[in-house]
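Dropping data.txt in here (compact mmCIF, C-alpha atoms):
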```
# COMPACT_ATOMS: atom_id res chain seq x y z
CA PRO A 33 -13.49 -6.05 -3.52
CA GLY A 34 -9.98 -7.43 -4.01
CA THR A 35 -7.13 -8.47 -1.80
CA ALA A 36 -5.06 -6.11 0.29
CA GLU A 37 -2.19 -6.54 -2.17
CA GLU A 38 -4.43 -5.64 -5.12
CA LYS A 39 -5.66 -2.53 -3.32
CA LEU A 40 -2.11 -1.49 -2.48
CA ALA A 41 -1.09 -1.93 -6.12
CA GLN A 42 -4.12 0.09 -7.18
CA MET A 43 -3.16 2.90 -4.79
CA ARG A 44 0.36 2.93 -6.25
CA ARG A 45 -1.04 3.17 -9.80
CA PHE A 46 -3.36 6.00 -8.83
CA ASN A 47 -0.53 7.77 -7.00
CA ASN A 48 1.58 7.54 -10.17
CA ASP A 49 -1.33 8.96 -12.22
CA LEU A 50 -1.71 11.84 -9.77
CA ARG A 51 1.99 12.71 -9.92
CA ALA A 52 2.05 12.62 -13.74
CA GLY A 53 0.46 16.05 -14.12
CA SER A 54 -1.56 18.77 -12.49
CA GLY A 55 -5.29 18.89 -11.93
CA ASN A 56 -7.93 21.54 -12.42
CA PRO A 57 -9.78 22.19 -9.14
CA ALA A 58 -12.86 23.60 -10.94
CA ALA A 59 -13.19 20.43 -13.01
CA GLY A 60 -12.53 18.45 -9.82
CA ALA A 61 -15.43 20.21 -8.12
CA GLU A 62 -17.69 18.82 -10.85
CA MET A 63 -16.25 15.32 -10.31
CA PHE A 64 -16.90 15.73 -6.58
CA LYS A 65 -20.52 16.75 -7.20
CA LYS A 66 -21.07 13.78 -9.48
CA HIS A 67 -19.31 11.06 -7.49
CA CYS A 68 -18.98 12.16 -3.86
CA ALA A 69 -21.42 14.92 -2.87
CA THR A 70 -24.42 12.63 -2.40
CA CYS A 71 -22.78 11.50 0.83
CA HIS A 72 -19.91 13.87 1.65
CA THR A 73 -19.71 17.60 2.32
CA LEU A 74 -16.76 19.72 1.25
CA PHE A 75 -16.69 23.50 1.61
CA ASP A 76 -20.33 23.52 2.87
CA GLU A 77 -21.69 21.68 -0.17
CA GLY A 78 -22.85 18.09 -0.32
CA GLY A 79 -24.62 15.43 1.70
CA LYS A 80 -24.47 14.44 5.33
CA ILE A 81 -24.50 10.64 5.04
CA GLY A 82 -20.70 10.32 5.21
CA PRO A 83 -18.08 12.39 6.99
CA ASP A 84 -17.64 16.10 6.24
CA LEU A 85 -14.35 16.26 4.37
CA THR A 86 -13.73 19.97 4.91
CA LYS A 87 -11.79 19.47 8.15
CA ALA A 88 -10.42 16.03 7.24
CA ASN A 89 -6.73 15.49 6.64
CA ARG A 90 -7.03 15.99 2.89
CA SER A 91 -3.37 16.98 2.48
CA ASP A 92 -2.23 13.41 3.23
CA LEU A 93 -2.42 11.88 -0.25
CA ALA A 94 -1.68 8.34 0.94
CA ALA A 95 -4.47 8.43 3.54
CA LEU A 96 -6.90 10.01 1.08
CA LEU A 97 -6.17 7.33 -1.52
CA ALA A 98 -6.46 4.57 1.07
CA ASN A 99 -9.85 5.82 2.25
CA ILE A 100 -11.19 6.02 -1.31
CA VAL A 101 -9.71 2.75 -2.61
CA ASP A 102 -10.60 0.75 0.52
CA PRO A 103 -13.47 2.56 2.28
CA SER A 104 -14.29 -0.46 4.45
CA ALA A 105 -10.82 -0.64 6.04
CA VAL A 106 -11.66 1.99 8.66
CA ILE A 107 -15.27 2.94 9.38
CA ARG A 108 -16.00 5.39 12.17
CA LYS A 109 -18.69 4.22 14.58
CA GLU A 110 -21.21 6.87 13.51
CA TYR A 111 -20.94 5.71 9.90
CA LEU A 112 -21.33 1.98 10.49
CA SER A 113 -23.71 0.35 8.09
CA TYR A 114 -26.40 -2.05 9.31
CA VAL A 115 -28.21 -4.87 7.55
CA VAL A 116 -31.81 -5.48 8.54
CA GLU A 117 -33.81 -8.54 7.59
CA THR A 118 -37.56 -8.08 8.01
CA THR A 119 -40.09 -10.73 8.89
CA SER A 120 -41.34 -10.54 5.29
CA GLY A 121 -37.87 -11.36 3.91
CA GLN A 122 -36.90 -7.84 2.85
CA VAL A 123 -33.22 -6.89 3.36
CA VAL A 124 -32.39 -3.22 3.95
CA THR A 125 -28.89 -1.80 4.36
CA GLY A 126 -27.96 1.65 5.61
CA ILE A 127 -26.65 3.86 8.36
CA LEU A 128 -28.80 4.06 11.46
CA ALA A 129 -30.27 7.55 11.19
CA GLU A 130 -32.95 7.40 13.90
CA GLN A 131 -34.32 4.96 16.39
CA ASP A 132 -36.88 4.80 19.13
CA ALA A 133 -38.73 2.07 20.99
CA ALA A 134 -41.08 1.45 18.04
CA SER A 135 -38.88 1.72 14.95
CA ILE A 136 -35.51 2.33 13.34
CA THR A 137 -34.72 4.44 10.28
CA LEU A 138 -31.89 3.57 7.94
CA VAL A 139 -30.46 5.88 5.29
CA ASP A 140 -28.74 4.35 2.26
CA ALA A 141 -25.97 5.63 -0.02
CA LYS A 142 -28.49 7.45 -2.22
CA ASP A 143 -29.96 9.26 0.81
CA ASN A 144 -33.14 7.16 0.77
CA ARG A 145 -34.64 6.75 4.22
CA THR A 146 -36.40 3.55 5.24
CA LYS A 147 -38.37 3.41 8.48
CA LEU A 148 -38.85 -0.09 9.84
CA PRO A 149 -41.13 -1.03 12.74
CA ARG A 150 -39.17 -3.02 15.33
CA ASP A 151 -41.85 -5.73 15.44
CA LYS A 152 -41.20 -6.41 11.73
CA ILE A 153 -37.43 -6.85 12.17
CA GLU A 154 -36.22 -10.44 12.09
CA ALA A 155 -32.49 -9.66 12.38
CA LEU A 156 -30.30 -6.56 12.69
CA HIS A 157 -26.51 -6.66 12.47
CA GLU A 158 -23.56 -4.41 11.72
CA SER A 159 -22.00 -4.69 8.30
CA ALA A 160 -18.24 -4.84 7.85
CA THR A 161 -18.72 -3.08 4.52
CA SER A 162 -18.87 0.68 4.15
CA LEU A 163 -21.79 2.28 2.33
CA MET A 164 -19.15 4.04 0.24
CA PRO A 165 -18.68 2.00 -2.91
CA GLU A 166 -15.30 0.69 -3.93
CA LYS A 167 -13.75 1.28 -7.35
CA LEU A 168 -14.87 4.92 -7.53
CA LEU A 169 -11.55 6.03 -8.99
CA GLU A 170 -11.43 3.25 -11.57
CA GLN A 171 -14.27 4.79 -13.56
CA LEU A 172 -12.37 8.07 -13.93
CA THR A 173 -9.65 8.90 -16.43
CA PRO A 174 -6.21 9.82 -15.07
CA GLN A 175 -6.93 13.50 -15.77
CA GLN A 176 -10.30 13.32 -13.99
CA ARG A 177 -8.55 11.76 -10.98
CA ARG A 178 -5.97 14.60 -10.99
CA ASP A 179 -8.80 17.14 -11.20
CA LEU A 180 -10.73 15.49 -8.34
CA PHE A 181 -7.66 15.38 -6.10
CA ALA A 182 -6.77 18.98 -6.95
CA TYR A 183 -10.20 19.91 -5.61
CA LEU A 184 -10.15 17.52 -2.65
CA GLN A 185 -6.74 18.73 -1.53
CA GLY A 186 -7.42 22.40 -2.16
CA ASN A 187 -8.07 24.99 0.52
CA ALA A 188 -11.24 26.52 -0.89
CA LYS A 189 -13.97 26.04 -3.43
CA PRO A 190 -12.75 27.25 -6.83
CA LYS A 191 -14.44 30.34 -8.19
```
Take the structure in the file and write it out as structure tokens.
Amino acid sequence: PGTAEEKLAQMRRFNNDLRAGSGNPAAGAEMFKKHCATCHTLFDEGGKIGPDLTKANRSDLAALLANIVDPSAVIRKEYLSYVVETTSGQVVTGILAEQDAASITLVDAKDNRTKLPRDKIEALHESATSLMPEKLLEQLTPQQRRDLFAYLQGNAKPK
């Protein structure tokens, strides 16, 4: 992960990259599909594991950067991740998708669902870590980051 100071420095570097030029929203849509859409929806496209970004405050660049660089800083209750240890020693992590008296179902960051019988659960606890991976922006070039943010901060899906 990294310290708070390292994350703040990283956000400043990314902010400088984003201000250095303009982005292409159409190319950004492709970046979104590749890196974000498994979990997030934007303009009615994408997954439902994480929050729908369409109505999020995407115009606030600082907040957007903070949420991407440090996704575990603020996790809404409905997106809390859980760690389950089974009686056979298996460890499963995911968001609680379903539960009843007999079992729970967790969904992981790749949208894989795991149903676990309650009588096979040794321990169940909340994780302080988001399912959203850190360092997503580090694997992108500065231009790819500008493209992604042009799409994320846009008002509609590019044609």
Polymer residues at most 7 Å from Ile127 of chain A, only C-alpha atoms, same-chain spacing of 4 or more positions, as a VMD selection string: chain A and resid 111 to 114 138 to 140
Can I get the selection written as a compact mmCIF listing (two decimals), in the frame of the given file, with C-alpha atoms?
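The resulting file, out_5.txt, is shown below:
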```txt
# COMPACT_ATOMS: atom_id res chain seq x y z
CA TYR A 111 -20.94 5.71 9.90
CA LEU A 112 -21.33 1.98 10.49
CA SER A 113 -23.71 0.35 8.09
CA TYR A 114 -26.40 -2.05 9.31
CA LEU A 138 -31.89 3.57 7.94
CA VAL A 139 -30.46 5.88 5.29
CA ASP A 140 -28.74 4.35 2.26
```
Please provide the set of residues having any atom within 7 Å of Ser135 of chain A, restricted to all atoms listed in the file, with same-chain residues fewer than 2 positions apart removed, written as a PyMOL selection string. chain A and resi 131-133+137+147-150
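Between atom CA of Thr161 of chain A and atom CA of Arg145 of chain A the interatomic distance comes to 18.7 Å.
We find atom CA of Glu130 of chain A and atom CA of Lys66 of chain A to be spaced 27.0 Å apart.
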Which residues are close to Asn47 of chain A, i.e. within 12 Å by only C-alpha atoms, leaving aside same-chain residues fewer than 2 positions away? Reply as a compact mmCIF listing (two decimals) with C-alpha atoms, keeping the file's coordinate frame.
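Saved the output as result-v3.txt:
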```
# COMPACT_ATOMS: atom_id res chain seq x y z
CA LEU A 40 -2.11 -1.49 -2.48
CA ALA A 41 -1.09 -1.93 -6.12
CA GLN A 42 -4.12 0.09 -7.18
CA MET A 43 -3.16 2.90 -4.79
CA ARG A 44 0.36 2.93 -6.25
CA ARG A 45 -1.04 3.17 -9.80
CA ASP A 49 -1.33 8.96 -12.22
CA LEU A 50 -1.71 11.84 -9.77
CA ARG A 51 1.99 12.71 -9.92
CA ALA A 52 2.05 12.62 -13.74
CA GLY A 53 0.46 16.05 -14.12
CA ASP A 92 -2.23 13.41 3.23
CA LEU A 93 -2.42 11.88 -0.25
CA ALA A 94 -1.68 8.34 0.94
CA ALA A 95 -4.47 8.43 3.54
CA LEU A 96 -6.90 10.01 1.08
CA LEU A 97 -6.17 7.33 -1.52
CA ALA A 98 -6.46 4.57 1.07
CA VAL A 101 -9.71 2.75 -2.61
CA LEU A 169 -11.55 6.03 -8.99
CA PRO A 174 -6.21 9.82 -15.07
CA ARG A 177 -8.55 11.76 -10.98
CA ARG A 178 -5.97 14.60 -10.99
CA PHE A 181 -7.66 15.38 -6.10
```
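Taking atom CA of Val124 of chain A and atom CA of Thr73 of chain A as the two end points, the separation is 24.4 Å.
Nearest residue to Ala182 of chain A among A:Ser54, A:Asn48, A:Ser120, A:Asn89 is A:Ser54, counting all atoms listed in the file.
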Can you find the residues with an atom no farther than 10 Å from (-16.6, 3.2, -3.4), counting all atoms listed in the file, and report them as a compact mmCIF listing (two decimals) with C-alpha atoms, in the coordinates of the input?
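Saved as point-v1.txt:
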```txt
# COMPACT_ATOMS: atom_id res chain seq x y z
CA PRO A 33 -13.49 -6.05 -3.52
CA HIS A 67 -19.31 11.06 -7.49
CA CYS A 68 -18.98 12.16 -3.86
CA ASN A 99 -9.85 5.82 2.25
CA ILE A 100 -11.19 6.02 -1.31
CA VAL A 101 -9.71 2.75 -2.61
CA ASP A 102 -10.60 0.75 0.52
CA PRO A 103 -13.47 2.56 2.28
CA SER A 104 -14.29 -0.46 4.45
CA SER A 162 -18.87 0.68 4.15
CA LEU A 163 -21.79 2.28 2.33
CA MET A 164 -19.15 4.04 0.24
CA PRO A 165 -18.68 2.00 -2.91
CA GLU A 166 -15.30 0.69 -3.93
CA LYS A 167 -13.75 1.28 -7.35
CA LEU A 168 -14.87 4.92 -7.53
CA LEU A 169 -11.55 6.03 -8.99
CA GLU A 170 -11.43 3.25 -11.57
```
Would you mind putting N, CA and C atoms back on segment 95-125 of chain A and writing the result as a short mmCIF file (atom, residue, chain, number, x, y, z; two decimals), in the coordinates of the input?
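out.cif, freshly written:
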```cif
data_model
loop_
_atom_site.label_atom_id
_atom_site.label_comp_id
_atom_site.auth_asym_id
_atom_site.auth_seq_id
_atom_site.Cartn_x
_atom_site.Cartn_y
_atom_site.Cartn_z
N ALA A 95 -3.27 8.73 2.75
CA ALA A 95 -4.47 8.43 3.54
C ALA A 95 -5.73 8.66 2.71
N LEU A 96 -5.75 9.71 1.93
CA LEU A 96 -6.90 10.01 1.08
C LEU A 96 -7.12 8.88 0.07
N LEU A 97 -6.06 8.45 -0.58
CA LEU A 97 -6.17 7.33 -1.52
C LEU A 97 -6.64 6.07 -0.82
N ALA A 98 -6.07 5.78 0.34
CA ALA A 98 -6.46 4.57 1.07
C ALA A 98 -7.94 4.59 1.43
N ASN A 99 -8.44 5.73 1.88
CA ASN A 99 -9.85 5.82 2.25
C ASN A 99 -10.79 5.68 1.05
N ILE A 100 -10.34 6.12 -0.11
CA ILE A 100 -11.19 6.02 -1.31
C ILE A 100 -11.10 4.62 -1.92
N VAL A 101 -9.89 4.07 -2.00
CA VAL A 101 -9.71 2.75 -2.61
C VAL A 101 -10.27 1.65 -1.72
N ASP A 102 -10.13 1.78 -0.41
CA ASP A 102 -10.60 0.75 0.52
C ASP A 102 -11.44 1.38 1.64
N PRO A 103 -12.65 1.84 1.29
CA PRO A 103 -13.47 2.56 2.28
C PRO A 103 -13.91 1.71 3.47
N SER A 104 -13.86 0.40 3.35
CA SER A 104 -14.29 -0.46 4.45
C SER A 104 -13.17 -0.77 5.45
N ALA A 105 -11.94 -0.35 5.15
CA ALA A 105 -10.82 -0.64 6.04
C ALA A 105 -11.00 0.01 7.41
N VAL A 106 -11.44 1.26 7.41
CA VAL A 106 -11.66 1.99 8.66
C VAL A 106 -13.00 2.71 8.54
N ILE A 107 -13.94 2.32 9.39
CA ILE A 107 -15.27 2.94 9.38
C ILE A 107 -15.52 3.49 10.78
N ARG A 108 -15.70 4.79 10.87
CA ARG A 108 -16.00 5.39 12.17
C ARG A 108 -17.36 4.91 12.65
N LYS A 109 -17.49 4.80 13.96
CA LYS A 109 -18.69 4.22 14.58
C LYS A 109 -19.98 4.86 14.07
N GLU A 110 -19.98 6.18 13.92
CA GLU A 110 -21.21 6.87 13.51
C GLU A 110 -21.58 6.63 12.05
N TYR A 111 -20.67 5.99 11.31
CA TYR A 111 -20.94 5.71 9.90
C TYR A 111 -21.02 4.21 9.61
N LEU A 112 -21.17 3.41 10.68
CA LEU A 112 -21.33 1.98 10.49
C LEU A 112 -22.62 1.70 9.74
N SER A 113 -22.55 0.76 8.86
CA SER A 113 -23.71 0.35 8.09
C SER A 113 -24.35 -0.86 8.79
N TYR A 114 -25.66 -0.95 8.71
CA TYR A 114 -26.40 -2.05 9.31
C TYR A 114 -27.20 -2.76 8.23
N VAL A 115 -27.37 -4.06 8.43
CA VAL A 115 -28.21 -4.87 7.55
C VAL A 115 -29.39 -5.34 8.38
N VAL A 116 -30.58 -5.07 7.86
CA VAL A 116 -31.81 -5.48 8.54
C VAL A 116 -32.54 -6.48 7.66
N GLU A 117 -32.94 -7.58 8.27
CA GLU A 117 -33.81 -8.54 7.59
C GLU A 117 -35.17 -8.44 8.27
N THR A 118 -36.21 -8.22 7.45
CA THR A 118 -37.56 -8.08 8.01
C THR A 118 -38.25 -9.44 8.06
N THR A 119 -39.33 -9.48 8.78
CA THR A 119 -40.09 -10.73 8.89
C THR A 119 -40.70 -11.14 7.56
N SER A 120 -40.81 -10.21 6.62
CA SER A 120 -41.34 -10.54 5.29
C SER A 120 -40.24 -10.92 4.30
N GLY A 121 -38.97 -10.95 4.77
CA GLY A 121 -37.87 -11.36 3.91
C GLY A 121 -37.14 -10.22 3.22
N GLN A 122 -37.57 -8.99 3.44
CA GLN A 122 -36.90 -7.84 2.85
C GLN A 122 -35.56 -7.61 3.56
N VAL A 123 -34.53 -7.22 2.79
CA VAL A 123 -33.22 -6.89 3.36
C VAL A 123 -32.95 -5.42 3.05
N VAL A 124 -32.66 -4.66 4.10
CA VAL A 124 -32.39 -3.22 3.95
C VAL A 124 -31.04 -2.94 4.58
N THR A 125 -30.23 -2.16 3.88
CA THR A 125 -28.89 -1.80 4.36
C THR A 125 -28.79 -0.29 4.44
#
```
